[in-house]
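With PDB, C-alpha atoms and all ligand atoms inside, this is data-v8.pdb:
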ATOM      1  CA  MET A   1      13.468 -12.887 -13.141
ATOM      2  CA  LEU A   2      12.006 -16.350 -13.320
ATOM      3  CA  GLU A   3      12.472 -18.406 -10.153
ATOM      4  CA  GLN A   4      14.792 -15.892  -8.585
ATOM      5  CA  TYR A   5      15.470 -16.894  -4.989
ATOM      6  CA  THR A   6      14.607 -14.214  -2.466
ATOM      7  CA  LYS A   7      15.274 -14.030   1.254
ATOM      8  CA  TYR A   8      11.514 -13.805   1.760
ATOM      9  CA  ASP A   9      10.826 -17.221   0.227
ATOM     10  CA  TYR A  10      10.587 -18.771   3.703
ATOM     11  CA  LEU A  11       7.263 -16.961   4.117
ATOM     12  CA  PHE A  12       5.691 -19.258   1.538
ATOM     13  CA  SER A  13       4.236 -22.686   2.170
ATOM     14  CA  ASN A  14       4.587 -25.630  -0.209
ATOM     15  CA  LEU A  15       8.031 -24.513  -1.361
ATOM     16  CA  ARG A  16       9.046 -26.544  -4.418
ATOM     17  CA  PRO A  17      12.021 -26.581  -6.723
ATOM     18  CA  ASN A  18       9.516 -25.323  -9.270
ATOM     19  CA  ALA A  19      11.683 -26.443 -12.133
ATOM     20  CA  ILE A  20      10.401 -25.881 -15.605
ATOM     21  CA  GLY A  21      13.333 -27.684 -17.130
ATOM     22  CA  GLY A  22      14.617 -26.667 -20.500
ATOM     23  CA  ILE A  23      11.735 -24.481 -21.641
ATOM     24  CA  LYS A  24      12.792 -21.646 -23.891
ATOM     25  CA  ILE A  25      11.837 -18.296 -22.393
ATOM     26  CA  PHE A  26      11.376 -15.131 -24.431
ATOM     27  CA  SER A  27      11.974 -11.701 -22.959
ATOM     28  CA  ARG A  28      11.492  -8.163 -24.202
ATOM     29  CA  ASP A  29      14.808  -8.196 -26.061
ATOM     30  CA  ASP A  30      13.625 -11.097 -28.210
ATOM     31  CA  ASP A  31      11.419 -10.977 -31.274
ATOM     32  CA  PHE A  32       8.610 -12.803 -29.548
ATOM     33  CA  ILE A  33       5.636 -11.582 -31.569
ATOM     34  CA  ILE A  34       5.051 -13.726 -34.622
ATOM     35  CA  GLN A  35       2.489 -14.131 -37.388
ATOM     36  CA  GLN A  36       0.270 -17.160 -37.382
ATOM     37  CA  LYS A  37       0.778 -18.835 -40.741
ATOM     38  CA  TYR A  38      -2.613 -20.449 -40.807
ATOM     39  CA  ASP A  39      -2.346 -21.917 -44.298
ATOM     40  CA  ALA A  40       0.912 -23.639 -43.353
ATOM     41  CA  ILE A  41      -0.681 -25.614 -40.519
ATOM     42  CA  THR A  42      -0.301 -29.285 -41.344
ATOM     43  CA  ASP A  43      -2.984 -31.960 -41.290
ATOM     44  CA  GLU A  44      -1.040 -33.542 -38.460
ATOM     45  CA  GLU A  45      -1.486 -30.406 -36.335
ATOM     46  CA  HIS A  46      -5.183 -30.031 -37.179
ATOM     47  CA  GLY A  47      -5.539 -33.705 -36.280
ATOM     48  CA  ILE A  48      -3.883 -33.303 -32.873
ATOM     49  CA  TRP A  49      -6.079 -30.276 -32.130
ATOM     50  CA  SER A  50      -9.145 -32.241 -33.139
ATOM     51  CA  ARG A  51      -8.215 -35.251 -30.999
ATOM     52  CA  LEU A  52      -7.571 -33.131 -27.893
ATOM     53  CA  PHE A  53     -10.635 -30.943 -28.477
ATOM     54  CA  THR A  54     -13.017 -33.841 -29.048
ATOM     55  CA  LYS A  55     -11.989 -35.711 -25.904
ATOM     56  CA  LEU A  56     -12.868 -32.696 -23.791
ATOM     57  CA  ILE A  57     -16.251 -31.834 -25.324
ATOM     58  CA  ASN A  58     -18.346 -33.864 -22.898
ATOM     59  CA  PRO A  59     -16.257 -33.385 -19.729
ATOM     60  CA  LEU A  60     -16.152 -29.606 -20.181
ATOM     61  CA  ASP A  61     -19.820 -29.381 -21.094
ATOM     62  CA  ARG A  62     -20.539 -31.190 -17.857
ATOM     63  CA  TYR A  63     -18.029 -29.611 -15.474
ATOM     64  CA  ALA A  64     -16.894 -26.195 -16.736
ATOM     65  CA  CYS A  65     -18.358 -23.026 -15.251
ATOM     66  CA  ALA A  66     -21.062 -20.987 -16.990
ATOM     67  CA  GLU A  67     -18.607 -18.298 -18.111
ATOM     68  CA  TYR A  68     -16.619 -20.916 -19.986
ATOM     69  CA  ILE A  69     -19.588 -22.682 -21.554
ATOM     70  CA  ASN A  70     -21.163 -19.440 -22.733
ATOM     71  CA  GLY A  71     -17.818 -18.147 -23.993
ATOM     72  CA  LEU A  72     -17.081 -21.315 -25.903
ATOM     73  CA  ALA A  73     -20.483 -21.215 -27.611
ATOM     74  CA  ALA A  74     -20.094 -17.560 -28.591
ATOM     75  CA  LEU A  75     -16.559 -18.101 -29.842
ATOM     76  CA  GLY A  76     -17.441 -20.950 -32.166
ATOM     77  CA  LEU A  77     -14.114 -22.791 -31.944
ATOM     78  CA  ARG A  78     -13.888 -25.540 -34.526
ATOM     79  CA  GLN A  79     -13.497 -29.097 -33.440
ATOM     80  CA  ASP A  80     -11.690 -30.212 -36.595
ATOM     81  CA  LYS A  81      -9.344 -27.282 -37.279
ATOM     82  CA  MET A  82      -6.758 -25.361 -35.327
ATOM     83  CA  PRO A  83      -8.027 -21.910 -34.345
ATOM     84  CA  ASN A  84      -7.402 -19.022 -36.717
ATOM     85  CA  PHE A  85      -6.460 -16.063 -34.498
ATOM     86  CA  ALA A  86      -7.356 -13.470 -37.133
ATOM     87  CA  GLU A  87     -10.892 -14.865 -37.258
ATOM     88  CA  LEU A  88     -11.298 -15.088 -33.498
ATOM     89  CA  ASN A  89      -9.958 -11.645 -32.667
ATOM     90  CA  PRO A  90     -12.934  -9.495 -33.742
ATOM     91  CA  ILE A  91     -15.256 -11.774 -31.742
ATOM     92  CA  ILE A  92     -13.175 -11.593 -28.549
ATOM     93  CA  LYS A  93     -12.518  -7.876 -28.936
ATOM     94  CA  GLU A  94     -16.202  -7.170 -29.265
ATOM     95  CA  ALA A  95     -16.984  -9.222 -26.144
ATOM     96  CA  SER A  96     -14.325  -7.995 -23.711
ATOM     97  CA  GLY A  97     -11.805  -5.771 -25.494
ATOM     98  CA  TRP A  98      -9.164  -8.524 -25.482
ATOM     99  CA  GLU A  99      -7.245  -9.783 -28.491
ATOM    100  CA  LEU A 100      -4.930 -12.701 -29.131
ATOM    101  CA  VAL A 101      -1.297 -12.038 -29.962
ATOM    102  CA  PRO A 102       0.618 -14.937 -31.488
ATOM    103  CA  VAL A 103       3.969 -15.385 -29.764
ATOM    104  CA  ALA A 104       7.011 -17.588 -30.201
ATOM    105  CA  GLY A 105       6.654 -19.424 -26.885
ATOM    106  CA  PHE A 106       6.868 -19.011 -23.134
ATOM    107  CA  LEU A 107       7.232 -15.339 -22.197
ATOM    108  CA  ASP A 108       8.925 -13.933 -19.137
ATOM    109  CA  GLU A 109       6.664 -12.227 -16.627
ATOM    110  CA  TYR A 110       7.521  -8.704 -17.658
ATOM    111  CA  VAL A 111       6.401  -9.210 -21.220
ATOM    112  CA  PHE A 112       3.439 -11.368 -20.209
ATOM    113  CA  PHE A 113       1.959  -8.918 -17.719
ATOM    114  CA  GLU A 114       2.626  -5.920 -19.940
ATOM    115  CA  LEU A 115       0.655  -7.579 -22.739
ATOM    116  CA  ASN A 116      -2.151  -8.552 -20.353
ATOM    117  CA  ALA A 117      -2.305  -5.029 -18.963
ATOM    118  CA  ASN A 118      -3.137  -3.934 -22.508
ATOM    119  CA  ARG A 119      -5.731  -6.686 -23.010
ATOM    120  CA  LYS A 120      -3.472  -8.645 -25.295
ATOM    121  CA  PHE A 121      -3.432 -12.354 -24.610
ATOM    122  CA  PRO A 122      -0.298 -14.129 -25.838
ATOM    123  CA  VAL A 123      -0.995 -17.414 -27.588
ATOM    124  CA  THR A 124       1.528 -19.814 -28.999
ATOM    125  CA  ASP A 125       0.880 -21.341 -32.402
ATOM    126  CA  ILE A 126       2.420 -24.753 -31.758
ATOM    127  CA  VAL A 127       0.428 -27.717 -30.541
ATOM    128  CA  ARG A 128       1.803 -30.401 -28.221
ATOM    129  CA  GLN A 129       3.042 -33.657 -29.738
ATOM    130  CA  SER A 130       3.496 -32.122 -33.190
ATOM    131  CA  ASP A 131       6.641 -32.308 -35.307
ATOM    132  CA  ARG A 132       7.146 -28.584 -34.725
ATOM    133  CA  MET A 133       7.117 -29.057 -30.947
ATOM    134  CA  ASP A 134       9.638 -31.893 -31.318
ATOM    135  CA  GLU A 135      11.842 -29.728 -33.524
ATOM    136  CA  LYS A 136      11.715 -26.838 -31.066
ATOM    137  CA  TYR A 137      13.000 -29.146 -28.351
ATOM    138  CA  SER A 138      15.219 -31.363 -30.467
ATOM    139  CA  ASP A 139      18.189 -30.476 -28.247
ATOM    140  CA  GLY A 140      16.547 -31.780 -25.076
ATOM    141  CA  ALA A 141      13.410 -33.734 -24.309
ATOM    142  CA  ILE A 142      10.557 -32.098 -22.474
ATOM    143  CA  GLN A 143       7.615 -34.080 -21.222
ATOM    144  CA  ASN A 144       4.946 -33.526 -23.815
ATOM    145  CA  GLU A 145       1.777 -35.600 -23.713
ATOM    146  CA  ASP A 146      -1.884 -35.315 -24.652
ATOM    147  CA  ASP A 147      -2.742 -34.284 -21.119
ATOM    148  CA  TYR A 148       0.235 -32.207 -20.207
ATOM    149  CA  THR A 149       2.842 -29.936 -21.679
ATOM    150  CA  PRO A 150       5.101 -27.783 -19.503
ATOM    151  CA  GLU A 151       5.353 -25.257 -22.321
ATOM    152  CA  PRO A 152       1.862 -23.830 -22.808
ATOM    153  CA  ASP A 153       0.750 -24.671 -26.338
ATOM    154  CA  VAL A 154      -2.054 -23.403 -28.532
ATOM    155  CA  PHE A 155      -4.420 -25.976 -27.062
ATOM    156  CA  HIS A 156      -3.900 -24.794 -23.491
ATOM    157  CA  ASP A 157      -4.053 -21.148 -24.475
ATOM    158  CA  VAL A 158      -7.131 -21.312 -26.681
ATOM    159  CA  ARG A 159      -9.147 -24.256 -25.323
ATOM    160  CA  GLY A 160      -8.304 -23.339 -21.719
ATOM    161  CA  HIS A 161      -8.154 -19.557 -21.513
ATOM    162  CA  VAL A 162      -9.869 -17.950 -24.457
ATOM    163  CA  PRO A 163     -13.523 -18.923 -23.806
ATOM    164  CA  MET A 164     -13.217 -17.232 -20.398
ATOM    165  CA  LEU A 165     -11.974 -14.070 -22.128
ATOM    166  CA  MET A 166     -15.378 -13.772 -23.792
ATOM    167  CA  ASN A 167     -16.765 -12.736 -20.407
ATOM    168  CA  LYS A 168     -16.499  -8.991 -19.813
ATOM    169  CA  GLU A 169     -16.097  -9.145 -16.007
ATOM    170  CA  TYR A 170     -13.467 -11.852 -16.291
ATOM    171  CA  GLY A 171     -11.677  -9.867 -18.989
ATOM    172  CA  ASP A 172     -11.633  -6.776 -16.769
ATOM    173  CA  PHE A 173     -10.278  -8.832 -13.873
ATOM    174  CA  LEU A 174      -7.521 -10.409 -15.963
ATOM    175  CA  ALA A 175      -6.480  -7.017 -17.331
ATOM    176  CA  ASP A 176      -6.274  -5.699 -13.764
ATOM    177  CA  VAL A 177      -4.081  -8.658 -12.778
ATOM    178  CA  GLY A 178      -1.854  -7.713 -15.727
ATOM    179  CA  ILE A 179      -1.729  -4.072 -14.650
ATOM    180  CA  LEU A 180      -0.814  -5.101 -11.112
ATOM    181  CA  GLY A 181       1.897  -7.461 -12.415
ATOM    182  CA  HIS A 182       3.336  -4.729 -14.545
ATOM    183  CA  ARG A 183       3.314  -2.286 -11.613
ATOM    184  CA  ILE A 184       5.088  -4.819  -9.375
ATOM    185  CA  LEU A 185       7.741  -5.488 -12.004
ATOM    186  CA  THR A 186       8.388  -1.837 -12.730
ATOM    187  CA  ASP A 187       8.741  -1.346  -8.967
ATOM    188  CA  ASP A 188       6.020   1.252  -8.758
ATOM    189  CA  GLU A 189       6.530   1.585  -5.006
ATOM    190  CA  GLY A 190      10.346   1.630  -5.002
ATOM    191  CA  LEU A 191      10.744  -1.563  -2.956
ATOM    192  CA  GLY A 192      13.948  -2.855  -4.555
ATOM    193  CA  PRO A 193      14.689  -6.024  -6.525
ATOM    194  CA  ASN A 194      14.296  -8.552  -3.682
ATOM    195  CA  LEU A 195      10.808  -7.425  -2.779
ATOM    196  CA  VAL A 196       9.855  -7.046  -6.430
ATOM    197  CA  ALA A 197      10.815 -10.692  -7.001
ATOM    198  CA  HIS A 198       8.971 -11.755  -3.861
ATOM    199  CA  ASN A 199       5.783  -9.838  -4.661
ATOM    200  CA  LEU A 200       5.893 -11.191  -8.191
ATOM    201  CA  LYS A 201       5.877 -14.712  -6.756
ATOM    202  CA  ARG A 202       2.850 -13.768  -4.687
ATOM    203  CA  LEU A 203       1.020 -12.723  -7.835
ATOM    204  CA  GLN A 204       2.155 -15.865  -9.676
ATOM    205  CA  ASN A 205       0.814 -17.990  -6.820
ATOM    206  CA  PHE A 206      -2.493 -16.145  -7.008
ATOM    207  CA  ALA A 207      -2.685 -16.645 -10.781
ATOM    208  CA  TRP A 208      -1.772 -20.305 -10.456
ATOM    209  CA  TRP A 209      -4.379 -21.173  -7.829
ATOM    210  CA  THR A 210      -7.132 -19.128  -9.468
ATOM    211  CA  TYR A 211      -7.312 -18.652 -13.202
ATOM    212  CA  GLU A 212      -4.959 -21.533 -13.973
ATOM    213  CA  PHE A 213      -6.043 -24.211 -11.488
ATOM    214  CA  GLY A 214      -9.130 -22.838  -9.759
ATOM    215  CA  ILE A 215     -12.437 -24.529  -9.089
ATOM    216  CA  MET A 216     -15.626 -23.175  -7.585
ATOM    217  CA  GLU A 217     -18.685 -24.330  -5.722
ATOM    218  CA  LYS A 218     -21.476 -25.561  -7.941
ATOM    219  CA  GLN A 219     -23.557 -22.593  -9.017
ATOM    220  CA  GLU A 220     -27.308 -22.315  -9.168
ATOM    221  CA  GLY A 221     -28.708 -22.704 -12.674
ATOM    222  CA  THR A 222     -25.583 -23.722 -14.594
ATOM    223  CA  ASP A 223     -27.020 -27.144 -15.379
ATOM    224  CA  THR A 224     -29.519 -25.549 -17.769
ATOM    225  CA  LEU A 225     -26.507 -24.839 -20.034
ATOM    226  CA  ARG A 226     -25.346 -28.457 -20.048
ATOM    227  CA  LYS A 227     -26.347 -31.496 -22.051
ATOM    228  CA  GLU A 228     -25.603 -33.711 -19.067
ATOM    229  CA  THR A 229     -26.189 -32.695 -15.448
ATOM    230  CA  ASN A 230     -23.049 -31.911 -13.465
ATOM    231  CA  ASP A 231     -22.821 -34.818 -11.031
ATOM    232  CA  MET A 232     -20.162 -33.281  -8.787
ATOM    233  CA  ASN A 233     -20.361 -30.434  -6.295
ATOM    234  CA  HIS A 234     -17.927 -28.156  -8.091
ATOM    235  CA  GLU A 235     -17.403 -26.338 -11.367
ATOM    236  CA  ILE A 236     -14.093 -25.677 -13.065
ATOM    237  CA  TYR A 237     -12.820 -22.272 -14.158
ATOM    238  CA  GLY A 238      -9.034 -22.799 -14.246
ATOM    239  CA  ALA A 239      -7.536 -22.995 -17.733
ATOM    240  CA  GLY A 240      -4.803 -25.427 -16.687
ATOM    241  CA  ILE A 241      -7.462 -27.920 -15.675
ATOM    242  CA  MET A 242      -9.789 -27.304 -18.598
ATOM    243  CA  SER A 243      -7.069 -27.918 -21.169
ATOM    244  CA  SER A 244      -6.336 -31.338 -19.661
ATOM    245  CA  TYR A 245      -8.713 -34.257 -20.069
ATOM    246  CA  ALA A 246      -6.980 -36.174 -17.272
ATOM    247  CA  GLU A 247      -7.060 -33.294 -14.792
ATOM    248  CA  THR A 248     -10.696 -32.464 -15.568
ATOM    249  CA  LEU A 249     -11.706 -36.051 -14.806
ATOM    250  CA  HIS A 250      -9.409 -36.034 -11.787
ATOM    251  CA  ILE A 251     -11.279 -33.035 -10.356
ATOM    252  CA  ALA A 252     -14.567 -34.862 -10.818
ATOM    253  CA  ALA A 253     -13.204 -37.994  -9.104
ATOM    254  CA  CYS A 254     -11.863 -35.967  -6.151
ATOM    255  CA  SER A 255     -15.077 -33.974  -5.854
ATOM    256  CA  LYS A 256     -17.108 -37.174  -5.749
ATOM    257  CA  GLY A 257     -14.807 -38.769  -3.183
ATOM    258  CA  GLU A 258     -13.555 -41.429  -5.594
ATOM    259  CA  ASN A 259      -9.980 -40.167  -5.440
ATOM    260  CA  SER A 260      -8.185 -38.678  -2.446
ATOM    261  CA  TYR A 261      -4.898 -37.649  -4.054
ATOM    262  CA  SER A 262      -5.760 -33.940  -4.166
ATOM    263  CA  GLU A 263      -7.281 -31.917  -1.379
ATOM    264  CA  PHE A 264      -9.884 -29.214  -1.885
ATOM    265  CA  PHE A 265      -9.531 -26.210   0.411
ATOM    266  CA  PRO A 266     -11.950 -23.317   0.751
ATOM    267  CA  TYR A 267     -10.365 -20.395  -1.098
ATOM    268  CA  ASN A 268      -8.702 -17.824   1.079
ATOM    269  CA  ILE A 269      -6.747 -15.266  -0.898
ATOM    270  CA  GLU A 270      -3.981 -14.960   1.659
ATOM    271  CA  GLU A 271      -3.403 -18.711   1.624
ATOM    272  CA  ALA A 272      -3.468 -18.857  -2.180
ATOM    273  CA  VAL A 273      -1.020 -15.959  -2.452
ATOM    274  CA  MET A 274       1.369 -17.566   0.026
ATOM    275  CA  THR A 275       1.318 -21.092  -1.443
ATOM    276  CA  ARG A 276       3.916 -22.087  -4.026
ATOM    277  CA  PHE A 277       3.260 -24.690  -6.659
ATOM    278  CA  ASP A 278       5.038 -26.830  -9.144
ATOM    279  CA  TYR A 279       4.418 -27.618 -12.755
ATOM    280  CA  SER A 280       3.775 -31.304 -12.191
ATOM    281  CA  GLU A 281       1.023 -33.059 -14.046
ATOM    282  CA  ILE A 282      -1.715 -33.009 -11.450
ATOM    283  CA  GLN A 283      -2.013 -30.548  -8.571
ATOM    284  CA  ASP A 284      -2.114 -31.951  -5.047
ATOM    285  CA  ARG A 285      -4.510 -29.237  -3.889
ATOM    286  CA  TYR A 286      -7.110 -26.884  -5.272
ATOM    287  CA  PHE A 287      -8.717 -23.818  -3.754
ATOM    288  CA  VAL A 288     -12.492 -23.585  -4.091
ATOM    289  CA  ILE A 289     -14.014 -20.147  -4.635
ATOM    290  CA  ASP A 290     -17.676 -19.405  -3.862
ATOM    291  CA  SER A 291     -18.254 -17.673  -7.201
ATOM    292  CA  MET A 292     -16.388 -15.637  -9.795
ATOM    293  CA  ASP A 293     -17.682 -12.466  -8.129
ATOM    294  CA  SER A 294     -16.189 -13.504  -4.793
ATOM    295  CA  LEU A 295     -12.850 -14.131  -6.517
ATOM    296  CA  TYR A 296     -12.861 -10.667  -8.110
ATOM    297  CA  LYS A 297     -13.837  -9.049  -4.825
ATOM    298  CA  SER A 298     -11.057 -10.815  -2.930
ATOM    299  CA  PHE A 299      -8.542  -9.579  -5.483
ATOM    300  CA  TYR A 300      -9.641  -5.944  -5.366
ATOM    301  CA  ASP A 301     -10.084  -5.897  -1.575
ATOM    302  CA  ASN A 302      -6.650  -7.369  -0.821
ATOM    303  CA  GLN A 303      -4.220  -5.529  -3.060
ATOM    304  CA  ASP A 304      -1.909  -4.968  -0.084
ATOM    305  CA  LEU A 305      -1.040  -8.696  -0.172
ATOM    306  CA  PHE A 306       0.891  -8.018  -3.380
ATOM    307  CA  TRP A 307       2.863  -5.122  -1.919
ATOM    308  CA  TYR A 308       4.757  -6.808   0.903
ATOM    309  CA  LYS A 309       7.347  -4.379   2.166
ATOM    310  CA  GLY A 310       9.589  -6.663   4.231
TER     311      GLY A 310
HETATM  312 FE    FE B 401      -2.200 -20.653 -18.818
END
Translate the structure described by the file into structure tokens.
Ligand SMILES: [Fe+2]
Amino acid sequence: MLEQYTKYDYLFSNLRPNAIGGIKIFSRDDDFIIQQKYDAITDEEHGIWSRLFTKLINPLDRYACAEYINGLAALGLRQDKMPNFAELNPIIKEASGWELVPVAGFLDEYVFFELNANRKFPVTDIVRQSDRMDEKYSDGAIQNEDDYTPEPDVFHDVRGHVPMLMNKEYGDFLADVGILGHRILTDDEGLGPNLVAHNLKRLQNFAWWTYEFGIMEKQEGTDTLRKETNDMNHEIYGAGIMSSYAETLHIAACSKGENSYSEFFPYNIEEAVMTRFDYSEIQDRYFVIDSMDSLYKSFYDNQDLFWYKG
């Protein structure tokens, strides 16, 4: 299903080759659910986690949204050790009904949305730049740096996404995105494979520009949660940004007018749904929501955007 060309692609703006290179993709016929072998995690891996985590402590405290900051505090992620999913799960489940499911790697959309629909969040157990990541891709190099990995790793999944999952409203929203994705893929409305693939891309675009790479207007009162006052006009809620030190600082530089590489556009769900993206290091645009509530409302009020009928 991934990157299937459809005759409706011309409707999108920002069409890109969208290549994700040689990433291994797991589908429902694969054994993709694994056990996290926590005791087997090497010092090297704990060290990489710690390095990445530590760099982001101050930038995220300063620029992340309230949902993230509160979630992170309640979750109690350790700075010096890789996360233990079995320990985190009761905490997340209690907060929003979600749980983490360790998986072997990048999942196809069918499996991903089906898990999300059931409040199961797939997390990989490999961290970028580790020997295990190198071994996994020993047959072909993938770009794999502190600030970017095309294959989502445990740092992106847990440091980026999981604190947000501690918020009940966000958790409900993400489950509803999963349910919608699953309905599109099972062709609930009998639209046929071309429109299924097209509508799936619409939902992927929405996910990309919101919970992966979304920012919002600065909210009243969030600074009381921070050690240092947020000196830009925006807050970050997208996990793809928050798991990258470089992209977090990039957002701040753009917001403050010190960098003009990326443009900030007021969020409009139709535009977000119809804009493709690529997996390059830094996005050339971001959509700015007014608040998390306005994002949720736009999603529930515009479900027809995901059921294009040709
Ligand atoms: Fe992600």
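For ligand FE 401 (chain B), the neighbouring polymer residues at 8 Å or closer are A:Pro152, A:His156, A:Asp157, A:Gly160, A:His161, A:Tyr211, A:Glu212, A:Ala239, A:Gly240, all atoms listed in the file being used.
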Pick the closest to Tyr279 in chain A from A:Glu151, A:Asp187, A:Asp304, A:Glu247: which is it, counting all atoms listed in the file? A:Glu151
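Take the candidates A:Ile34, A:Ala197, A:Leu52, A:Leu72 and check each one against Gly310 in chain A using all atoms listed in the file; the shortest distance goes to A:Ala197.
Picked by the PyMOL selection byres (((chain A and resi 13-16) around 8) and not hetatm) from the coordinates shown: A:Asp9, A:Tyr10, A:Leu11, A:Phe12, A:Pro17, A:Asn18, A:Met274, A:Thr275, A:Arg276, A:Phe277, A:Asp278.
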Taking all atoms of range 302-308 of chain A that the file lists, what box with edges along x, y and z, padded by 8 Å per side, do you get, with centre and edge lengths in Å to one decimal, as JSON?
{"center_x": -0.9, "center_y": -6.8, "center_z": -1.2, "size_x": 27.4, "size_y": 19.7, "size_z": 20.3}
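Proximity of A:Ala117, A:Asp61, A:Lys55, A:Ala40 to Asn84 in chain A, computed with only C-alpha atoms, is greatest for A:Ala40.
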Which residues come within 12 Å of Asp146 in chain A, counting only C-alpha atoms, excluding same-chain residues fewer than 2 positions away, as a PyMOL selection string? chain A and resi 48-53+55-56+127-130+143-144+148-150+153+155-156+243-247+281
Mind dumping the selected residues with C-alpha atoms as a PDB file, in the frame of the given file?
ATOM      1  CA  ILE A  48      -3.883 -33.303 -32.873  1.00  0.00           C
ATOM      2  CA  TRP A  49      -6.079 -30.276 -32.130  1.00  0.00           C
ATOM      3  CA  SER A  50      -9.145 -32.241 -33.139  1.00  0.00           C
ATOM      4  CA  ARG A  51      -8.215 -35.251 -30.999  1.00  0.00           C
ATOM      5  CA  LEU A  52      -7.571 -33.131 -27.893  1.00  0.00           C
ATOM      6  CA  PHE A  53     -10.635 -30.943 -28.477  1.00  0.00           C
ATOM      7  CA  LYS A  55     -11.989 -35.711 -25.904  1.00  0.00           C
ATOM      8  CA  LEU A  56     -12.868 -32.696 -23.791  1.00  0.00           C
ATOM      9  CA  VAL A 127       0.428 -27.717 -30.541  1.00  0.00           C
ATOM     10  CA  ARG A 128       1.803 -30.401 -28.221  1.00  0.00           C
ATOM     11  CA  GLN A 129       3.042 -33.657 -29.738  1.00  0.00           C
ATOM     12  CA  SER A 130       3.496 -32.122 -33.190  1.00  0.00           C
ATOM     13  CA  GLN A 143       7.615 -34.080 -21.222  1.00  0.00           C
ATOM     14  CA  ASN A 144       4.946 -33.526 -23.815  1.00  0.00           C
ATOM     15  CA  TYR A 148       0.235 -32.207 -20.207  1.00  0.00           C
ATOM     16  CA  THR A 149       2.842 -29.936 -21.679  1.00  0.00           C
ATOM     17  CA  PRO A 150       5.101 -27.783 -19.503  1.00  0.00           C
ATOM     18  CA  ASP A 153       0.750 -24.671 -26.338  1.00  0.00           C
ATOM     19  CA  PHE A 155      -4.420 -25.976 -27.062  1.00  0.00           C
ATOM     20  CA  HIS A 156      -3.900 -24.794 -23.491  1.00  0.00           C
ATOM     21  CA  SER A 243      -7.069 -27.918 -21.169  1.00  0.00           C
ATOM     22  CA  SER A 244      -6.336 -31.338 -19.661  1.00  0.00           C
ATOM     23  CA  TYR A 245      -8.713 -34.257 -20.069  1.00  0.00           C
ATOM     24  CA  ALA A 246      -6.980 -36.174 -17.272  1.00  0.00           C
ATOM     25  CA  GLU A 247      -7.060 -33.294 -14.792  1.00  0.00           C
ATOM     26  CA  GLU A 281       1.023 -33.059 -14.046  1.00  0.00           C
TER      27      GLU A 281
END
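Summary of the local environment: counting all atoms listed in the file, residues at most 9 Å from Phe85 in chain A, other than itself and those fewer than 5 positions away along its chain, are Gln36, Tyr38, Glu99, Leu100, Val101, Pro102 and Val123 of chain A.
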Selection result of the PyMOL selection byres (((chain A and resi 62) around 6) and not hetatm) on this file, as a list in words: Pro59, Leu60, Asp61, Tyr63, Arg226, Glu228 and Asn230 of chain A
So that I can check the surroundings of Glu94 in chain A, please list as a PyMOL selection string every protein, DNA and RNA residue that reaches within 12 Å of it, counting all atoms listed in the file and ignoring chain neighbours fewer than 2 positions away. chain A and resi 74-75+88-92+96-99+165-168+171
Please enumerate the residues selected by the PyMOL selection byres (((chain A and resi 82) around 6) and not hetatm) when evaluated against the supplied file, formatted as a PyMOL selection string. chain A and resi 46+49+81+83
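The gap separating CA of Tyr300 in chain A from CA of Leu180 in chain A is 10.6 Å, in Å to one decimal.
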For CA of Trp208 in chain A and CA of Val273 in chain A, determine how far apart the two atoms are, in Å to one decimal place. 9.1 Å
Taking only C-alpha atoms into account, name the residue in A:Phe112, A:Gln219, A:Asn302, A:Ile23 that is nearest to Tyr137 in chain A. A:Ile23
All residues 12 Å or closer to Glu220 in chain A, only C-alpha atoms, same chain fewer than 5 positions away omitted, as an mmCIF file with C-alpha atoms, in the coordinates of the input:
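Below is the file that was written, out_6.cif:
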data_model
loop_
_atom_site.group_PDB
_atom_site.id
_atom_site.type_symbol
_atom_site.label_atom_id
_atom_site.label_comp_id
_atom_site.auth_asym_id
_atom_site.auth_seq_id
_atom_site.Cartn_x
_atom_site.Cartn_y
_atom_site.Cartn_z
ATOM 1 C CA CYS A 65 -18.358 -23.026 -15.251
ATOM 2 C CA ALA A 66 -21.062 -20.987 -16.990
ATOM 3 C CA LEU A 225 -26.507 -24.839 -20.034
ATOM 4 C CA ASN A 230 -23.049 -31.911 -13.465
ATOM 5 C CA ASN A 233 -20.361 -30.434 -6.295
ATOM 6 C CA HIS A 234 -17.927 -28.156 -8.091
ATOM 7 C CA GLU A 235 -17.403 -26.338 -11.367
ATOM 8 C CA ASP A 290 -17.676 -19.405 -3.862
ATOM 9 C CA SER A 291 -18.254 -17.673 -7.201
#
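Going from CA of Asp139 in chain A to CA of Asp29 in chain A covers 22.6 Å.
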Determine, counting all atoms listed in the file, every residue of protein, DNA or RNA that lies within 7 Å of (-14.5, -23.6, -1.1) in the file coordinates, then give the result as a count of residues only. 9
Residue nearest Ile236 in chain A among A:Arg202, A:Lys218, A:Lys256, A:Arg28 (counting only C-alpha atoms): A:Lys218
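Distances to Asp125 in chain A were evaluated for A:Ile41, A:Val196, A:Ala175, A:Leu107 using all atoms listed in the file, and the minimum falls at A:Ile41.
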